[in-house]
Each structure stands twice: as structure tokens, then as C-alpha cells.
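The next block is start.csv, given as CSV, N, CA and C atoms.
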chain,number,residue,atom,x,y,z
A,1,MET,N,-17.1,2.3,8.7
A,1,MET,CA,-15.8,2.7,9.2
A,1,MET,C,-14.7,2.2,8.2
A,2,VAL,N,-13.6,2.8,8.2
A,2,VAL,CA,-12.4,2.4,7.5
A,2,VAL,C,-12.7,2.2,6.0
A,3,SER,N,-13.4,3.2,5.4
A,3,SER,CA,-13.7,3.1,4.0
A,3,SER,C,-12.4,3.1,3.1
A,4,ALA,N,-11.3,3.5,3.7
A,4,ALA,CA,-10.0,3.5,3.0
A,4,ALA,C,-9.6,2.2,2.6
A,5,LEU,N,-9.9,1.2,3.4
A,5,LEU,CA,-9.6,-0.2,3.0
A,5,LEU,C,-10.7,-0.9,2.5
A,6,ALA,N,-11.7,-0.2,1.9
A,6,ALA,CA,-12.8,-0.8,1.1
A,6,ALA,C,-13.6,-1.8,1.9
A,7,LEU,N,-14.1,-1.4,3.0
A,7,LEU,CA,-15.1,-2.2,3.9
A,7,LEU,C,-14.4,-3.1,4.9
A,8,ALA,N,-15.0,-3.1,6.0
A,8,ALA,CA,-14.5,-3.9,7.1
A,8,ALA,C,-14.6,-5.4,6.8
A,9,GLY,N,-13.6,-6.1,7.4
A,9,GLY,CA,-13.6,-7.6,7.3
A,9,GLY,C,-13.1,-8.2,6.0
A,10,LEU,N,-12.7,-7.4,5.1
A,10,LEU,CA,-12.2,-8.0,3.9
A,10,LEU,C,-10.8,-8.5,4.0
A,11,THR,N,-10.5,-9.6,3.3
A,11,THR,CA,-9.1,-10.1,3.2
A,11,THR,C,-8.5,-9.6,2.0
A,12,PHE,N,-7.3,-9.0,2.1
A,12,PHE,CA,-6.6,-8.5,0.9
A,12,PHE,C,-5.6,-9.5,0.4
A,13,THR,N,-5.4,-9.4,-0.9
A,13,THR,CA,-4.4,-10.3,-1.5
A,13,THR,C,-3.4,-9.5,-2.3
A,14,ALA,N,-2.2,-10.1,-2.5
A,14,ALA,CA,-1.1,-9.4,-3.2
A,14,ALA,C,-1.4,-9.4,-4.7
A,15,CYS,N,-0.9,-8.4,-5.3
A,15,CYS,CA,-0.8,-8.3,-6.8
A,15,CYS,C,0.7,-8.2,-7.1
A,16,GLY,N,1.0,-8.6,-8.4
A,16,GLY,CA,2.3,-8.6,-8.8
A,16,GLY,C,2.9,-7.2,-9.3
A,17,ASP,N,2.2,-6.1,-9.1
A,17,ASP,CA,2.6,-4.8,-9.6
A,17,ASP,C,3.9,-4.5,-9.0
A,18,ASP,N,4.8,-4.0,-9.9
A,18,ASP,CA,6.1,-3.6,-9.5
A,18,ASP,C,6.2,-2.3,-8.7
A,19,ASP,N,5.1,-1.6,-8.5
A,19,ASP,CA,5.1,-0.4,-7.7
A,19,ASP,C,4.6,-0.7,-6.3
A,20,GLY,N,4.5,-1.9,-5.9
A,20,GLY,CA,3.9,-2.3,-4.6
A,20,GLY,C,4.8,-2.0,-3.4
A,21,GLY,N,4.8,-2.9,-2.5
A,21,GLY,CA,5.5,-2.6,-1.2
A,21,GLY,C,6.9,-2.3,-1.3
A,22,GLY,N,7.6,-2.6,-2.4
A,22,GLY,CA,9.0,-2.3,-2.5
A,22,GLY,C,9.3,-0.9,-3.0
A,23,SER,N,8.3,-0.1,-3.2
A,23,SER,CA,8.4,1.3,-3.7
A,23,SER,C,9.1,2.1,-2.6
A,24,SER,N,9.9,3.1,-3.1
A,24,SER,CA,10.5,4.0,-2.1
A,24,SER,C,9.6,5.2,-1.8
A,25,ALA,N,8.4,5.3,-2.4
A,25,ALA,CA,7.4,6.3,-2.1
A,25,ALA,C,6.9,6.1,-0.7
A,26,SER,N,6.5,7.2,-0.1
A,26,SER,CA,6.0,7.2,1.3
A,26,SER,C,4.5,7.0,1.3
A,27,LEU,N,4.0,6.1,2.2
A,27,LEU,CA,2.6,6.0,2.4
A,27,LEU,C,2.0,7.1,3.2
A,28,GLU,N,2.9,7.7,4.1
A,28,GLU,CA,2.4,8.7,5.0
A,28,GLU,C,2.0,9.9,4.2
A,29,GLY,N,0.9,10.5,4.7
A,29,GLY,CA,0.3,11.7,4.1
A,29,GLY,C,-1.2,11.5,3.8
A,30,LYS,N,-1.7,12.5,3.1
A,30,LYS,CA,-3.2,12.6,2.8
A,30,LYS,C,-3.4,12.0,1.4
A,31,TRP,N,-4.3,11.1,1.3
A,31,TRP,CA,-4.7,10.4,0.1
A,31,TRP,C,-6.2,10.6,-0.2
A,32,TYR,N,-6.5,11.2,-1.4
A,32,TYR,CA,-7.9,11.4,-1.7
A,32,TYR,C,-8.5,10.3,-2.5
A,33,PHE,N,-9.7,9.9,-2.2
A,33,PHE,CA,-10.4,8.8,-2.9
A,33,PHE,C,-10.5,9.3,-4.4
A,34,SER,N,-10.1,8.4,-5.3
A,34,SER,CA,-10.2,8.7,-6.7
A,34,SER,C,-11.1,7.8,-7.5
A,35,LYS,N,-10.9,6.5,-7.3
A,35,LYS,CA,-11.7,5.5,-8.1
A,35,LYS,C,-11.9,4.2,-7.2
A,36,THR,N,-13.0,3.5,-7.6
A,36,THR,CA,-13.2,2.2,-7.0
A,36,THR,C,-13.4,1.2,-8.2
A,37,GLY,N,-13.0,0.0,-8.0
A,37,GLY,CA,-13.2,-0.9,-9.1
A,37,GLY,C,-13.0,-2.4,-8.7
A,38,THR,N,-13.0,-3.2,-9.8
A,38,THR,CA,-12.9,-4.6,-9.6
A,38,THR,C,-11.9,-5.2,-10.6
A,39,ALA,N,-11.4,-6.3,-10.3
A,39,ALA,CA,-10.5,-7.1,-11.2
A,39,ALA,C,-11.1,-8.5,-11.4
A,40,VAL,N,-11.4,-8.8,-12.6
A,40,VAL,CA,-12.0,-10.1,-12.9
A,40,VAL,C,-11.2,-10.7,-14.1
A,41,GLY,N,-10.6,-11.8,-13.9
A,41,GLY,CA,-9.9,-12.5,-15.0
A,41,GLY,C,-8.8,-11.6,-15.5
A,42,GLY,N,-8.1,-10.8,-14.7
A,42,GLY,CA,-7.0,-10.0,-15.1
A,42,GLY,C,-7.5,-8.7,-15.7
A,43,GLN,N,-8.8,-8.4,-15.9
A,43,GLN,CA,-9.3,-7.2,-16.4
A,43,GLN,C,-9.8,-6.3,-15.3
A,44,GLU,N,-9.3,-5.0,-15.3
A,44,GLU,CA,-9.8,-4.1,-14.3
A,44,GLU,C,-10.8,-3.1,-14.8
A,45,ALA,N,-11.8,-2.8,-14.0
A,45,ALA,CA,-12.8,-1.8,-14.4
A,45,ALA,C,-13.0,-0.9,-13.2
A,46,PHE,N,-13.1,0.4,-13.5
A,46,PHE,CA,-13.2,1.4,-12.4
A,46,PHE,C,-14.3,2.4,-12.7
A,47,ILE,N,-14.8,3.0,-11.6
A,47,ILE,CA,-15.7,4.1,-11.6
A,47,ILE,C,-15.1,5.2,-10.8
A,48,ASP,N,-15.4,6.5,-11.1
A,48,ASP,CA,-14.8,7.6,-10.3
A,48,ASP,C,-15.5,7.6,-9.0
A,49,TYR,N,-14.8,8.0,-7.9
A,49,TYR,CA,-15.3,8.1,-6.6
A,49,TYR,C,-16.2,9.4,-6.6
A,50,ASP,N,-17.4,9.3,-6.0
A,50,ASP,CA,-18.3,10.4,-6.0
A,50,ASP,C,-18.2,11.3,-4.8
A,51,HIS,N,-17.4,12.4,-4.9
A,51,HIS,CA,-17.3,13.3,-3.8
A,51,HIS,C,-18.5,14.2,-3.7
A,52,GLU,N,-18.9,14.7,-2.5
A,52,GLU,CA,-20.0,15.6,-2.4
A,52,GLU,C,-19.7,16.9,-3.1
A,53,GLU,N,-20.5,17.3,-4.0
A,53,GLU,CA,-20.3,18.6,-4.7
A,53,GLU,C,-20.3,19.8,-3.8
A,54,GLY,N,-19.3,20.6,-3.9
A,54,GLY,CA,-19.2,21.8,-3.1
A,54,GLY,C,-18.5,21.6,-1.8
A,55,CYS,N,-18.1,20.4,-1.5
A,55,CYS,CA,-17.5,20.1,-0.2
A,55,CYS,C,-16.0,19.7,-0.5
A,56,GLU,N,-15.2,19.7,0.5
A,56,GLU,CA,-13.8,19.2,0.4
A,56,GLU,C,-13.9,17.7,0.0
A,57,LYS,N,-12.9,17.2,-0.7
A,57,LYS,CA,-12.9,15.8,-1.1
A,57,LYS,C,-12.7,14.9,0.1
A,58,ASP,N,-13.3,13.7,0.1
A,58,ASP,CA,-13.0,12.7,1.1
A,58,ASP,C,-11.6,12.2,1.0
A,59,TYR,N,-11.0,11.8,2.1
A,59,TYR,CA,-9.6,11.3,2.0
A,59,TYR,C,-9.3,10.5,3.2
A,60,VAL,N,-8.2,9.8,3.1
A,60,VAL,CA,-7.6,9.1,4.3
A,60,VAL,C,-6.3,9.7,4.5
A,61,GLU,N,-5.8,9.6,5.7
A,61,GLU,CA,-4.5,10.1,6.1
A,61,GLU,C,-3.7,9.1,6.9
A,62,PHE,N,-2.5,8.8,6.5
A,62,PHE,CA,-1.6,8.0,7.3
A,62,PHE,C,-0.6,8.9,7.9
A,63,VAL,N,-0.7,9.1,9.2
A,63,VAL,CA,0.2,10.0,9.9
A,63,VAL,C,1.3,9.2,10.5
A,64,GLU,N,2.5,9.8,10.5
A,64,GLU,CA,3.7,9.2,11.1
A,64,GLU,C,3.4,8.8,12.6
A,65,GLY,N,3.8,7.7,13.0
A,65,GLY,CA,3.6,7.2,14.4
A,65,GLY,C,2.4,6.3,14.4
A,66,GLY,N,1.7,6.0,13.3
A,66,GLY,CA,0.7,5.0,13.3
A,66,GLY,C,-0.7,5.5,13.5
A,67,VAL,N,-1.0,6.8,13.3
A,67,VAL,CA,-2.3,7.4,13.4
A,67,VAL,C,-3.0,7.4,12.0
A,68,TYR,N,-4.2,6.9,11.9
A,68,TYR,CA,-5.0,6.8,10.7
A,68,TYR,C,-6.2,7.7,10.8
A,69,ARG,N,-6.5,8.4,9.8
A,69,ARG,CA,-7.8,9.2,9.8
A,69,ARG,C,-8.5,9.0,8.5
A,70,ASP,N,-9.8,8.8,8.6
A,70,ASP,CA,-10.7,8.6,7.4
A,70,ASP,C,-11.7,9.8,7.5
A,71,VAL,N,-11.6,10.7,6.5
A,71,VAL,CA,-12.4,11.9,6.6
A,71,VAL,C,-13.4,11.9,5.4
A,72,SER,N,-14.7,12.0,5.8
A,72,SER,CA,-15.8,12.0,4.8
A,72,SER,C,-16.6,13.3,5.0
A,73,HIS,N,-17.2,13.7,3.9
A,73,HIS,CA,-18.0,14.9,3.9
A,73,HIS,C,-19.4,14.6,3.4
A,74,TRP,N,-20.4,15.1,4.1
A,74,TRP,CA,-21.8,14.8,3.8
A,74,TRP,C,-22.4,15.9,2.9
A,75,SER,N,-23.6,15.7,2.5
A,75,SER,CA,-24.2,16.7,1.5
A,75,SER,C,-24.3,18.1,2.1
A,76,ASP,N,-24.3,18.3,3.4
A,76,ASP,CA,-24.3,19.7,3.9
A,76,ASP,C,-22.9,20.1,4.3
A,77,CYS,N,-21.9,19.3,3.7
A,77,CYS,CA,-20.5,19.6,3.9
A,77,CYS,C,-20.0,19.4,5.4
A,78,GLU,N,-20.9,18.7,6.2
A,78,GLU,CA,-20.5,18.3,7.5
A,78,GLU,C,-19.4,17.3,7.4
A,79,THR,N,-18.4,17.4,8.3
A,79,THR,CA,-17.2,16.5,8.2
A,79,THR,C,-17.3,15.4,9.3
A,80,ASP,N,-17.0,14.2,8.8
A,80,ASP,CA,-17.0,13.0,9.8
A,80,ASP,C,-15.6,12.5,9.7
A,81,ILE,N,-14.9,12.5,10.9
A,81,ILE,CA,-13.6,12.0,11.0
A,81,ILE,C,-13.5,10.8,11.9
A,82,GLU,N,-13.0,9.6,11.3
A,82,GLU,CA,-12.8,8.4,12.1
A,82,GLU,C,-11.3,8.2,12.3
A,83,THR,N,-10.9,8.0,13.5
A,83,THR,CA,-9.4,7.8,13.8
A,83,THR,C,-9.2,6.4,14.3
A,84,ASP,N,-8.1,5.9,13.9
A,84,ASP,CA,-7.6,4.5,14.3
A,84,ASP,C,-6.1,4.5,14.2
A,85,THR,N,-5.6,3.3,14.2
A,85,THR,CA,-4.1,3.1,14.1
A,85,THR,C,-3.9,2.4,12.7
A,86,TRP,N,-2.6,2.5,12.3
A,86,TRP,CA,-2.2,1.8,11.1
A,86,TRP,C,-0.8,1.3,11.2
A,87,SER,N,-0.5,0.2,10.4
A,87,SER,CA,0.9,-0.3,10.4
A,87,SER,C,1.1,-0.9,9.0
A,88,ARG,N,2.3,-1.0,8.7
A,88,ARG,CA,2.7,-1.6,7.3
A,88,ARG,C,3.8,-2.6,7.5
A,89,SER,N,3.6,-3.7,6.8
A,89,SER,CA,4.7,-4.7,6.8
A,89,SER,C,4.8,-5.1,5.3
A,90,GLY,N,5.9,-4.7,4.7
A,90,GLY,CA,6.0,-5.0,3.2
A,90,GLY,C,4.9,-4.3,2.5
A,91,ASN,N,4.2,-5.0,1.7
A,91,ASN,CA,3.1,-4.4,1.0
A,91,ASN,C,1.7,-4.7,1.6
A,92,THR,N,1.7,-5.1,2.9
A,92,THR,CA,0.5,-5.3,3.6
A,92,THR,C,0.3,-4.1,4.6
A,93,ILE,N,-0.9,-3.6,4.5
A,93,ILE,CA,-1.2,-2.5,5.4
A,93,ILE,C,-2.4,-2.9,6.3
A,94,THR,N,-2.3,-2.6,7.6
A,94,THR,CA,-3.4,-2.9,8.5
A,94,THR,C,-3.9,-1.7,9.2
A,95,VAL,N,-5.2,-1.5,9.3
A,95,VAL,CA,-5.8,-0.4,10.0
A,95,VAL,C,-6.6,-1.1,11.2
A,96,GLY,N,-6.3,-0.5,12.4
A,96,GLY,CA,-7.0,-1.1,13.6
A,96,GLY,C,-6.1,-2.1,14.2
A,97,THR,N,-6.7,-2.7,15.3
A,97,THR,CA,-6.0,-3.7,16.1
A,97,THR,C,-7.0,-4.8,16.5
A,98,GLY,N,-6.5,-6.0,16.8
A,98,GLY,CA,-7.3,-7.0,17.3
A,98,GLY,C,-8.3,-7.5,16.3
A,99,ALA,N,-9.5,-7.9,16.8
A,99,ALA,CA,-10.5,-8.5,16.0
A,99,ALA,C,-11.1,-7.5,15.0
A,100,ASP,N,-10.9,-6.2,15.3
A,100,ASP,CA,-11.5,-5.1,14.4
A,100,ASP,C,-10.5,-4.7,13.3
A,101,ALA,N,-9.3,-5.3,13.3
A,101,ALA,CA,-8.3,-4.9,12.3
A,101,ALA,C,-8.7,-5.3,10.9
A,102,ILE,N,-8.3,-4.5,10.0
A,102,ILE,CA,-8.6,-4.7,8.6
A,102,ILE,C,-7.2,-4.7,7.8
A,103,SER,N,-6.9,-5.7,7.1
A,103,SER,CA,-5.6,-5.7,6.4
A,103,SER,C,-5.9,-5.7,4.9
A,104,GLY,N,-4.9,-5.1,4.1
A,104,GLY,CA,-5.0,-5.0,2.7
A,104,GLY,C,-3.7,-5.0,2.1
A,105,THR,N,-3.7,-5.2,0.7
A,105,THR,CA,-2.4,-5.2,0.0
A,105,THR,C,-2.2,-3.9,-0.8
A,106,ILE,N,-1.1,-3.3,-0.7
A,106,ILE,CA,-0.8,-2.2,-1.5
A,106,ILE,C,-0.3,-2.7,-2.8
A,107,SER,N,-1.1,-2.6,-3.9
A,107,SER,CA,-0.8,-3.1,-5.2
A,107,SER,C,0.0,-2.1,-6.0
A,108,LYS,N,-0.1,-0.8,-5.6
A,108,LYS,CA,0.7,0.2,-6.3
A,108,LYS,C,0.9,1.4,-5.3
A,109,LEU,N,2.1,1.9,-5.3
A,109,LEU,CA,2.4,3.0,-4.4
A,109,LEU,C,3.5,3.8,-5.1
A,110,THR,N,3.1,5.0,-5.6
A,110,THR,CA,4.0,6.0,-6.2
A,110,THR,C,3.8,7.3,-5.4
A,111,GLY,N,4.5,8.3,-5.8
A,111,GLY,CA,4.4,9.6,-5.2
A,111,GLY,C,3.0,10.2,-5.3
A,112,SER,N,2.3,9.8,-6.3
A,112,SER,CA,1.0,10.4,-6.6
A,112,SER,C,-0.2,9.4,-6.6
A,113,GLU,N,0.0,8.1,-6.5
A,113,GLU,CA,-1.1,7.1,-6.6
A,113,GLU,C,-0.8,6.0,-5.6
A,114,LEU,N,-1.9,5.6,-4.9
A,114,LEU,CA,-2.0,4.5,-4.0
A,114,LEU,C,-3.1,3.6,-4.4
A,115,ARG,N,-2.9,2.3,-4.6
A,115,ARG,CA,-3.9,1.3,-4.9
A,115,ARG,C,-3.9,0.3,-3.8
A,116,ILE,N,-5.1,0.0,-3.3
A,116,ILE,CA,-5.2,-1.0,-2.3
A,116,ILE,C,-6.2,-2.1,-2.8
A,117,SER,N,-5.7,-3.3,-2.9
A,117,SER,CA,-6.5,-4.4,-3.5
A,117,SER,C,-7.0,-5.3,-2.4
A,118,THR,N,-8.2,-5.8,-2.6
A,118,THR,CA,-8.9,-6.6,-1.7
A,118,THR,C,-9.5,-7.8,-2.4
A,119,THR,N,-9.8,-8.9,-1.7
A,119,THR,CA,-10.6,-10.0,-2.1
A,119,THR,C,-11.6,-10.3,-1.1
A,120,GLU,N,-12.9,-10.3,-1.5
A,120,GLU,CA,-14.0,-10.6,-0.6
A,120,GLU,C,-14.7,-11.8,-1.1
A,121,GLU,N,-15.1,-12.6,-0.1
A,121,GLU,CA,-15.9,-13.8,-0.5
A,121,GLU,C,-17.4,-13.5,-0.2
A,122,MET,N,-18.2,-13.7,-1.3
A,122,MET,CA,-19.6,-13.5,-1.2
A,122,MET,C,-20.3,-14.6,-1.9
A,123,GLY,N,-21.2,-15.3,-1.2
A,123,GLY,CA,-21.9,-16.4,-1.8
A,123,GLY,C,-21.0,-17.5,-2.4
A,124,GLY,N,-19.9,-17.7,-1.8
A,124,GLY,CA,-19.0,-18.8,-2.2
A,124,GLY,C,-18.1,-18.4,-3.4
A,125,GLN,N,-18.2,-17.1,-3.8
A,125,GLN,CA,-17.3,-16.6,-4.9
A,125,GLN,C,-16.4,-15.5,-4.4
A,126,ASN,N,-15.2,-15.4,-4.9
A,126,ASN,CA,-14.3,-14.4,-4.6
A,126,ASN,C,-14.4,-13.2,-5.5
A,127,PHE,N,-14.5,-12.0,-5.0
A,127,PHE,CA,-14.6,-10.8,-5.8
A,127,PHE,C,-13.4,-9.9,-5.4
A,128,ASN,N,-12.6,-9.5,-6.4
A,128,ASN,CA,-11.5,-8.6,-6.2
A,128,ASN,C,-11.9,-7.1,-6.3
A,129,SER,N,-11.6,-6.4,-5.3
A,129,SER,CA,-11.9,-4.9,-5.3
A,129,SER,C,-10.6,-4.1,-5.3
A,130,ILE,N,-10.6,-2.9,-5.9
A,130,ILE,CA,-9.5,-2.0,-5.9
A,130,ILE,C,-9.9,-0.7,-5.5
A,131,THR,N,-9.3,0.0,-4.6
A,131,THR,CA,-9.5,1.4,-4.3
A,131,THR,C,-8.3,2.2,-4.7
A,132,VAL,N,-8.5,3.2,-5.5
A,132,VAL,CA,-7.4,4.1,-6.0
A,132,VAL,C,-7.5,5.4,-5.3
A,133,PHE,N,-6.4,5.8,-4.7
A,133,PHE,CA,-6.3,7.1,-4.1
A,133,PHE,C,-5.2,8.0,-4.8
A,134,THR,N,-5.3,9.3,-4.8
A,134,THR,CA,-4.3,10.2,-5.4
A,134,THR,C,-3.9,11.2,-4.3
A,135,ARG,N,-2.7,11.6,-4.5
A,135,ARG,CA,-2.1,12.6,-3.6
A,135,ARG,C,-2.0,13.9,-4.4
A,136,GLU,N,-2.4,15.0,-3.9
A,136,GLU,CA,-2.4,16.3,-4.6
A,136,GLU,C,-1.2,17.1,-4.2
Encoding of this model in C-alpha cells:
Amino acid sequence: MVSALALAGLTFTACGDDDGGGSSASLEGKWYFSKTGTAVGGQEAFIDYDHEEGCEKDYVEFVEGGVYRDVSHWSDCETDIETDTWSRSGNTITVGTGADAISGTISKLTGSELRISTTEEMGGQNFNSITVFTRE
């Protein structure tokens, strides 16, 4: 669930990107998965998101009024839609409520690109993850 925020239970951390939470671009709308990556020692590395061939692209949608949709397509082009709530405070975005809420940092937001950064602890080490979305 909530693949838009790159896996449940992750804690997101701020980045110093100047296109973050202070941007005048709107978060509301449909954002297509574009790339996933990591940041280690200030170096970012990405791979393209693998959409199902022949199907509509997977996306997330932030709807006015706090409705969030995560839309995935399977190999037979069957559509799976998960719905939740979302809110934004500065450059922090939260999907869900209570113990199931997932928060992340908007490290870049322009009219055509959204980057959400995460930090996950695994085996006593922190790993930085980045999900890149584009708007068509």
C-alpha cells in the first residue's frame, strides 16, 4: 500500500533543494511514477520505474480536499486503486492517519516533477530513497 511514498513505515527527511516545500507549484493532481533511486554520500543514482507494457502508467493522485489515490496496473492491465487521505505541512507530506500514517519530504516540486525523499533504517544503517514522479 501507498507505494507513492516508497513503502510503509519509512521516516522521511528534508533535503535542501530549493524547489521543495516553498515552491508555488501545486501538489494536487495526477503524478506518474518515473524513477526510483537512492542517495549515498550526496550522490544520487536512479533506475526507471517499470510500468506494465501495454497498460496505462501507474500513478498517484492528490485530490483537493485530502483524497489520495494510488493506482497500479498488473500484467493483464487489471487496475488496483487504493484510496486514503493526504495532508501537507510545508515540505512534509503525510498519507493516511494514526498509526498507519506515512510521512515524507518533498525534496522537489515543480509543475512537471515531484521528488519524495525517504530515510529507512535497515540493519542499523540508514538508507536514503527517492521516488520521482512526473506530471504529463
What does the distance between atom CA of A:Glu136 and atom CA of A:Ala25 come to in Å, to one decimal place?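 Computing the Euclidean distance for atom CA of A:Glu136 and atom CA of A:Ala25 yields 14.2 Å.
Shortest separation to A:Ile130 among A:Leu109, A:Val60, A:Ala99, A:Ala45 occurs at residue A:Ala45, atoms counted being only N, CA and C atoms.
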Mind giving me the straight-line distance from atom C of A:Ser103 to atom C of A:Gly41 in Å, one decimal?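 Taking atom C of A:Ser103 and atom C of A:Gly41, their separation equals 21.4 Å.
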Work out how far apart atom CA of A:Ser129 and atom CA of A:Asp76 are and give it in Å to one decimal. 29.0 Å
Which of these, A:Val63, A:Val95, A:Cys55, A:Ile47, has the shortest distance to A:Val132 once you count only C-alpha atoms? A:Ile47
Pick from A:Asp58, A:Gly65, A:Glu53, A:Ser117, whichever lies nearest to A:Tyr32 using only N, CA and C atoms: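 Going through A:Asp58, A:Gly65, A:Glu53, A:Ser117 one by one, the smallest distance to A:Tyr32 is for A:Asp58.
Shortest separation to A:Cys77 among A:Ile106, A:Glu61, A:Gly54, A:Gly96 occurs at residue A:Gly54, atoms counted being only N, CA and C atoms.
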Extract the full set of helix (DSSP H, G or I) residues from chain A according to DSSP on the backbone, and format it as a ChimeraX atom specification. /A:3-5,98-100
Measuring atom to atom with only C-alpha atoms, identify which of A:Gly123, A:Glu52, A:Glu64, A:Thr94 is nearest to A:Thr79.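 When distances to A:Thr79 are compared using only C-alpha atoms, the smallest one comes from A:Glu52.
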Apply DSSP to the structure's backbone, then extract all residues of stretch 24-126 of chain A labelled strand (DSSP E or B) and return them as number ranges by chain. A: 29-40, 43-48, 59-63, 67-73, 79-89, 92-95, 102-109, 113-122, 125-126
